[in-house]
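Structure data follow from final_28.txt (compact mmCIF, C-alpha atoms):
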```
# COMPACT_ATOMS: atom_id res chain seq x y z
CA MET A 257 -147.13 11.82 -107.54
CA LYS A 258 -146.87 14.50 -104.85
CA ASN A 259 -146.59 11.90 -102.06
CA LYS A 260 -143.86 10.06 -103.98
CA THR A 261 -141.88 13.28 -104.47
CA SER A 262 -142.31 14.19 -100.81
CA MET A 263 -141.07 10.77 -99.70
CA LEU A 264 -138.05 10.97 -102.02
CA SER A 265 -137.17 14.43 -100.72
CA LYS A 266 -137.43 13.22 -97.10
CA LEU A 267 -135.27 10.19 -97.91
CA TYR A 268 -132.73 12.46 -99.59
CA MET A 269 -132.60 14.74 -96.55
CA ALA A 270 -132.27 11.75 -94.21
CA LEU A 271 -129.32 10.42 -96.25
CA ILE A 272 -127.64 13.83 -96.10
CA PHE A 273 -128.01 13.98 -92.31
CA VAL A 274 -126.70 10.43 -91.97
CA PHE A 275 -123.72 11.28 -94.16
CA LEU A 276 -122.99 14.43 -92.12
CA TYR A 277 -123.50 13.12 -88.60
CA ALA A 278 -122.66 9.39 -88.81
CA PRO A 279 -118.89 10.08 -88.40
CA ILE A 280 -119.58 12.17 -85.28
CA GLY A 281 -121.85 9.46 -83.90
CA ILE A 282 -119.18 6.82 -84.49
CA MET A 283 -116.55 9.02 -82.83
CA THR A 284 -118.82 9.52 -79.80
CA ALA A 285 -119.47 5.76 -79.56
CA PHE A 286 -115.75 4.93 -79.66
CA SER A 287 -115.03 7.52 -76.96
CA PHE A 288 -116.98 5.19 -74.62
CA ASN A 289 -115.24 2.04 -75.89
CA SER A 290 -113.59 -0.11 -73.22
CA SER A 291 -110.56 -0.83 -75.44
CA SER A 292 -108.34 1.35 -77.62
CA SER A 293 -109.63 -0.33 -80.78
CA THR A 294 -110.86 1.96 -83.56
CA TYR A 295 -112.73 -0.73 -85.48
CA SER A 296 -114.65 -2.77 -82.86
CA LEU A 297 -116.71 -1.86 -79.81
CA ASP A 298 -115.65 -4.09 -76.92
CA GLY A 299 -117.89 -2.70 -74.19
CA PHE A 300 -118.97 0.49 -72.47
CA SER A 301 -116.44 2.43 -70.39
CA THR A 302 -115.76 6.04 -69.35
CA LYS A 303 -112.03 5.50 -68.79
CA TRP A 304 -111.08 7.51 -71.88
CA TRP A 305 -113.07 10.48 -70.60
CA ALA A 306 -111.27 10.20 -67.25
CA ARG A 307 -107.92 9.92 -69.05
CA MET A 308 -108.77 12.98 -71.12
CA PHE A 309 -109.12 15.12 -67.99
CA GLU A 310 -105.84 13.67 -66.69
CA ASP A 311 -103.97 14.72 -69.84
CA THR A 312 -102.18 17.92 -68.80
CA SER A 313 -101.29 18.98 -72.35
CA ALA A 314 -104.87 18.57 -73.58
CA MET A 315 -106.30 20.46 -70.61
CA ASN A 316 -103.80 23.30 -71.09
CA ALA A 317 -104.76 23.50 -74.76
CA LEU A 318 -108.45 23.51 -73.79
CA LYS A 319 -107.84 26.27 -71.24
CA ASP A 320 -105.94 28.37 -73.79
CA THR A 321 -108.71 27.84 -76.35
CA ILE A 322 -111.45 28.97 -73.96
CA ILE A 323 -109.44 32.00 -72.79
CA LEU A 324 -108.84 33.03 -76.40
CA ALA A 325 -112.48 32.44 -77.42
CA VAL A 326 -113.85 34.47 -74.48
CA ALA A 327 -111.42 37.36 -75.08
CA VAL A 328 -112.19 37.39 -78.81
CA THR A 329 -115.94 37.25 -78.17
CA VAL A 330 -115.91 40.17 -75.72
CA PHE A 331 -113.76 42.38 -77.96
CA SER A 332 -115.63 41.44 -81.15
CA VAL A 333 -119.00 42.19 -79.56
CA LEU A 334 -117.89 45.59 -78.25
CA LEU A 335 -116.14 46.64 -81.46
CA GLY A 336 -118.74 45.07 -83.76
CA THR A 337 -121.68 46.72 -81.99
CA LEU A 338 -120.00 50.13 -82.12
CA ALA A 339 -119.13 49.60 -85.79
CA ALA A 340 -122.71 48.58 -86.63
CA VAL A 341 -124.14 51.62 -84.84
CA GLY A 342 -121.62 53.90 -86.57
CA LEU A 343 -122.43 52.48 -90.01
CA PHE A 344 -126.16 52.67 -89.34
CA ASN A 345 -125.95 56.35 -88.35
CA SER A 346 -123.67 57.29 -91.25
CA LYS A 347 -125.32 59.57 -93.82
CA ASN A 348 -122.77 58.89 -96.56
CA LYS A 349 -124.23 56.10 -98.71
CA ALA A 350 -121.01 55.51 -100.65
CA TYR A 351 -119.09 55.09 -97.38
CA LYS A 352 -121.71 52.70 -96.00
CA ARG A 353 -121.60 50.61 -99.19
CA LEU A 354 -117.79 50.54 -99.11
CA MET A 355 -117.69 49.48 -95.46
CA ALA A 356 -120.37 46.84 -96.04
CA ASN A 357 -118.29 45.31 -98.83
CA ALA A 358 -115.14 45.50 -96.70
CA THR A 359 -116.99 43.70 -93.90
CA ASN A 360 -117.90 40.85 -96.25
CA ILE A 361 -114.30 40.25 -97.41
CA PRO A 362 -113.24 38.17 -94.34
CA LEU A 363 -116.37 36.05 -94.81
CA MET A 364 -115.78 35.31 -98.49
CA ASN A 365 -111.98 35.13 -98.44
CA PRO A 366 -110.61 31.54 -98.19
CA GLU A 367 -109.31 30.84 -94.69
CA ILE A 368 -105.94 29.63 -95.94
CA VAL A 369 -105.42 32.94 -97.78
CA THR A 370 -106.38 34.88 -94.64
CA GLY A 371 -104.11 32.74 -92.47
CA ILE A 372 -101.04 33.02 -94.71
CA SER A 373 -101.48 36.75 -95.32
CA MET A 374 -101.88 37.49 -91.60
CA MET A 375 -98.85 35.35 -90.77
CA LEU A 376 -96.77 37.34 -93.27
CA LEU A 377 -98.10 40.59 -91.81
CA PHE A 378 -97.22 39.60 -88.25
CA VAL A 379 -93.76 38.34 -89.20
CA PHE A 380 -93.09 41.54 -91.16
CA ALA A 381 -94.25 43.62 -88.19
CA GLY A 382 -91.95 41.55 -85.98
CA THR A 383 -88.94 42.31 -88.18
CA LEU A 384 -89.71 46.02 -87.96
CA VAL A 385 -89.60 45.93 -84.15
CA LYS A 386 -86.73 43.39 -84.24
CA LYS A 387 -88.70 40.65 -82.49
CA SER A 388 -88.37 37.06 -83.72
CA ASP A 389 -91.01 35.33 -81.52
CA VAL A 390 -93.87 37.63 -82.52
CA LEU A 391 -96.40 34.81 -83.03
CA GLY A 392 -98.43 33.91 -79.94
CA PHE A 393 -101.58 34.89 -78.08
CA GLY A 394 -101.57 38.44 -79.46
CA THR A 395 -101.41 37.38 -83.10
CA LEU A 396 -104.06 34.70 -82.57
CA PHE A 397 -106.29 37.26 -80.85
CA ILE A 398 -105.99 39.76 -83.73
CA ALA A 399 -106.55 37.05 -86.34
CA HIS A 400 -109.64 35.66 -84.61
CA VAL A 401 -111.15 39.12 -84.08
CA THR A 402 -110.61 39.79 -87.80
CA PHE A 403 -112.87 36.93 -88.92
CA CYS A 404 -115.34 37.11 -85.98
CA LEU A 405 -116.03 40.85 -86.22
CA PRO A 406 -118.10 40.69 -89.45
CA TYR A 407 -120.49 38.15 -87.89
CA VAL A 408 -121.27 40.54 -85.04
CA ILE A 409 -121.84 43.45 -87.43
CA LEU A 410 -124.07 41.37 -89.73
CA ASN A 411 -126.19 40.23 -86.77
CA VAL A 412 -126.56 43.66 -85.16
CA MET A 413 -127.27 45.67 -88.33
CA PRO A 414 -130.69 44.05 -89.11
CA LYS A 415 -131.82 44.74 -85.53
CA LEU A 416 -130.87 48.39 -85.92
CA ARG A 417 -132.82 48.58 -89.19
CA GLN A 418 -135.89 47.11 -87.46
CA PHE A 419 -135.64 49.62 -84.61
CA ASP A 420 -137.85 52.71 -84.71
CA MET A 421 -135.44 55.64 -84.30
CA ASN A 422 -138.35 57.88 -83.31
CA VAL A 423 -138.28 56.17 -79.91
CA TYR A 424 -134.62 57.11 -79.48
CA GLU A 425 -135.32 60.70 -80.53
CA ALA A 426 -138.26 60.85 -78.11
CA ALA A 427 -135.94 59.79 -75.30
CA LEU A 428 -133.59 62.64 -76.25
CA ASP A 429 -136.48 65.12 -76.31
CA LEU A 430 -137.49 64.01 -72.82
CA GLY A 431 -134.05 64.98 -71.47
CA CYS A 432 -132.11 61.74 -71.78
CA LYS A 433 -128.47 62.08 -72.80
CA PRO A 434 -127.38 60.30 -76.03
CA PHE A 435 -125.34 57.59 -74.29
CA SER A 436 -128.03 56.99 -71.67
CA ALA A 437 -130.72 56.88 -74.36
CA PHE A 438 -128.69 54.31 -76.30
CA ILE A 439 -128.25 52.09 -73.21
CA LYS A 440 -131.89 52.32 -72.09
CA VAL A 441 -133.70 52.42 -75.44
CA VAL A 442 -131.58 51.07 -78.31
CA LEU A 443 -129.49 48.41 -76.56
CA PRO A 444 -132.45 46.29 -75.30
CA GLU A 445 -133.82 46.17 -78.85
CA ILE A 446 -130.58 44.90 -80.42
CA THR A 447 -129.62 42.54 -77.57
CA SER A 448 -130.77 39.45 -79.46
CA GLY A 449 -128.49 40.34 -82.39
CA ILE A 450 -125.59 40.96 -80.02
CA ILE A 451 -126.15 37.60 -78.30
CA THR A 452 -126.30 35.79 -81.65
CA GLY A 453 -123.10 37.50 -82.80
CA ALA A 454 -121.39 36.65 -79.50
CA ILE A 455 -122.33 32.97 -79.72
CA MET A 456 -121.17 32.77 -83.34
CA SER A 457 -117.89 34.50 -82.47
CA PHE A 458 -117.25 32.13 -79.57
CA THR A 459 -118.07 29.07 -81.68
CA LEU A 460 -115.93 30.16 -84.64
CA SER A 461 -112.98 31.02 -82.40
CA LEU A 462 -113.35 27.77 -80.48
CA ASP A 463 -113.05 25.44 -83.47
CA ASP A 464 -110.92 27.45 -85.90
CA PHE A 465 -107.90 25.57 -87.19
CA ILE A 466 -106.61 26.93 -90.51
CA ILE A 467 -106.08 30.57 -89.52
CA SER A 468 -104.88 29.55 -86.04
CA TYR A 469 -102.36 27.14 -87.59
CA PHE A 470 -100.60 29.98 -89.43
CA THR A 471 -100.80 32.63 -86.69
CA ASN A 472 -100.05 30.70 -83.49
CA GLY A 473 -96.67 30.36 -81.80
CA PRO A 474 -94.97 27.81 -79.55
CA SER A 475 -96.01 29.69 -76.41
CA PHE A 476 -99.76 29.38 -77.05
CA GLN A 477 -101.54 26.36 -78.55
CA THR A 478 -105.24 25.99 -79.22
CA LEU A 479 -107.09 22.70 -78.95
CA PRO A 480 -107.66 22.12 -82.72
CA ILE A 481 -103.92 22.56 -83.32
CA TYR A 482 -103.12 20.21 -80.44
CA ILE A 483 -105.47 17.55 -81.84
CA PHE A 484 -103.92 17.98 -85.29
CA SER A 485 -100.45 17.42 -83.84
CA LEU A 486 -101.65 14.06 -82.51
CA THR A 487 -102.72 12.84 -85.96
CA LYS A 488 -99.05 12.35 -86.88
CA LYS A 489 -99.20 9.24 -84.75
CA ARG A 490 -102.04 6.91 -83.71
CA VAL A 491 -104.89 8.88 -82.15
CA LYS A 492 -106.05 7.49 -78.82
CA PRO A 493 -109.73 7.34 -77.82
CA ASP A 494 -109.23 10.09 -75.22
CA MET A 495 -109.02 12.48 -78.20
CA PHE A 496 -112.37 11.09 -79.36
CA ALA A 497 -113.75 12.12 -75.97
CA LEU A 498 -112.20 15.59 -76.27
CA SER A 499 -113.62 16.08 -79.78
CA THR A 500 -117.03 14.87 -78.56
CA LEU A 501 -116.89 17.42 -75.75
CA MET A 502 -116.15 20.22 -78.22
CA PHE A 503 -119.02 19.09 -80.45
CA ALA A 504 -121.41 19.03 -77.48
CA VAL A 505 -120.40 22.57 -76.47
CA ILE A 506 -120.98 23.85 -80.01
CA ILE A 507 -124.39 22.14 -80.18
CA VAL A 508 -125.43 23.76 -76.88
CA LEU A 509 -124.31 27.18 -78.15
CA LEU A 510 -126.25 26.73 -81.41
CA VAL A 511 -129.37 25.74 -79.48
CA LEU A 512 -129.01 28.86 -77.30
CA MET A 513 -128.55 30.98 -80.43
CA ASN A 514 -131.72 29.54 -82.00
CA ILE A 515 -133.65 30.15 -78.77
CA ALA A 516 -132.49 33.78 -78.69
CA GLN A 517 -133.47 34.27 -82.34
CA SER A 518 -136.91 32.67 -81.88
CA ARG A 519 -137.63 34.83 -78.83
CA ALA A 520 -136.64 37.93 -80.78
CA GLU A 521 -138.90 36.92 -83.67
CA ARG A 522 -141.85 36.31 -81.31
CA LYS A 523 -141.26 39.66 -79.66
CA GLU A 524 -141.18 41.37 -83.06
CA ALA A 525 -144.35 39.55 -84.16
CA LYS A 526 -146.20 40.68 -81.02
CA ARG A 527 -145.12 44.25 -81.66
```
Structure rendered as structure tokens:
Amino acid sequence: MKNKTSMLSKLYMALIFVFLYAPIGIMTAFSFNSSSSTYSLDGFSTKWWARMFEDTSAMNALKDTIILAVAVTVFSVLLGTLAAVGLFNSKNKAYKRLMANATNIPLMNPEIVTGISMMLLFVFAGTLVKKSDVLGFGTLFIAHVTFCLPYVILNVMPKLRQFDMNVYEAALDLGCKPFSAFIKVVLPEITSGIITGAIMSFTLSLDDFIISYFTNGPSFQTLPIYIFSLTKKRVKPDMFALSTLMFAVIIVLLVLMNIAQSRAERKEAKR
């Protein structure tokens, strides 16, 4: 009976993975198709990948997306790490509980609600300063930081809780200044959490569509929005190649995140 249940559970999991990843596999296969057909494979070719890199609009959108994701990641990591340290050191339990709940709101709030509300906020702010073209890189940056910041805080906070603060206090007793003690003692211990938060921020910013759709302007276009604009007409296989490239980047980042987490866990187990 146990073996039968185990086999059924494995079959169920296999069906789930097939259902989730079969569309991506088909998209990847058609990105190497020799023809523009979307229903039959007529041979292997890399011409759509070459055409993708020749598409100026797609490459500009990719460049803008990477610039935005890197800027958001850097700012989210700096602000999120400082916020996590500040919350951890706070002695007011009610304040810590309030801030923890406030941090969870962007995670639980539907993206369409966040996108529309931020768009209204930016447009209202634009009317106050009498600026009509307020939407652009700045609004996208603020919106992306808003939903990436909680992920950094939630990844850094557990590392701070695991850290023995007596080590930090010993460094202070030995003559180290607070900032220097934080850099030399605390920061190495929470680096794995910072790296995980940074990778998650970069990944979320890279493939976000709903919030970006409501907060972007004509002067700055991310890759997901550019791909969506192409769905109004027949999508060419070079977009399959571009989507495959994005998927591959995200997979690599997830693998790196898992490696960082496993190393941190092994280090903690040894300790």
Under the rule of at most 12 Å, produce a per-residue listing of stretch 398-499 of chain A near stretch 505-514 of chain A: chain, number, name, the closest pair of atoms, and the distance in Å, as a tab-separated table, using all atoms listed in the file.
```
residue	atom	partner	partner_atom	distance
A:Asn411	CA	A:Met513	CA	11.5
A:Thr447	CA	A:Met513	CA	12.0
A:Ser448	CA	A:Met513	CA	8.8
A:Gly449	CA	A:Met513	CA	9.6
A:Ile450	CA	A:Met513	CA	10.4
A:Ile451	CA	A:Met513	CA	7.4
A:Thr452	CA	A:Met513	CA	5.4
A:Gly453	CA	A:Met513	CA	8.8
A:Ala454	CA	A:Met513	CA	9.2
A:Ile455	CA	A:Leu509	CA	6.3
A:Met456	CA	A:Leu510	CA	8.1
A:Ser457	CA	A:Leu509	CA	10.7
A:Phe458	CA	A:Leu509	CA	8.7
A:Thr459	CA	A:Ile506	CA	6.2
A:Leu460	CA	A:Ile506	CA	9.3
A:Ser461	CA	A:Ile506	CA	11.0
A:Leu462	CA	A:Ile506	CA	8.6
A:Asp463	CA	A:Ile506	CA	8.8
A:Leu498	CA	A:Val505	CA	10.8
A:Ser499	CA	A:Val505	CA	10.0
```
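The space separating atom CA of A:Ser485 from atom CA of A:Ser468 comes to 13.1 Å.
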> atom CA of A:Lys319 and atom CA of A:Ser293 are how many Å apart?
Replying inline: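 So the two atoms, atom CA of A:Lys319 and atom CA of A:Ser293, lie 28.3 Å apart.
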Compile the contact shell of A:Asn422 as a JSON list (two decimals) with C-alpha atoms, keeping the file's coordinate frame: residues with an atom at most 12 Å away, counting all atoms listed in the file, same-chain residues fewer than 5 positions apart removed.
```
[["chain", "number", "residue", "atom", "x", "y", "z"],
["A", 427, "ALA", "CA", -135.94, 59.79, -75.30],
["A", 428, "LEU", "CA", -133.59, 62.64, -76.25],
["A", 429, "ASP", "CA", -136.48, 65.12, -76.31],
["A", 437, "ALA", "CA", -130.72, 56.88, -74.36],
["A", 441, "VAL", "CA", -133.70, 52.42, -75.44],
["A", 442, "VAL", "CA", -131.58, 51.07, -78.31]]
```
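Taking atom CA of A:Phe403 as the reference point, atom CA of A:Ile272 is found at 28.3 Å.
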> Neighbours of stretch 285-291 of chain A within 9 Å (only C-alpha atoms; same-chain residues fewer than 6 positions away dropped), as a ChimeraX atom specification?
Replying inline: /A:297-305,493-498,500
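With all atoms listed in the file as the basis for measurement, A:Ile409 is the residue among A:Leu430, A:Leu443, A:Val423, A:Ile409 that approaches A:Ser332 most closely.
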> Can you tell me, as a list in words, what residues are no more than 8 Å from A:Thr395 when counting only C-alpha atoms, ignoring any on the same chain fewer than 6 positions away?
Replying inline: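 In the requested form, the answer reads Phe378, Thr471 and Asn472 of chain A.
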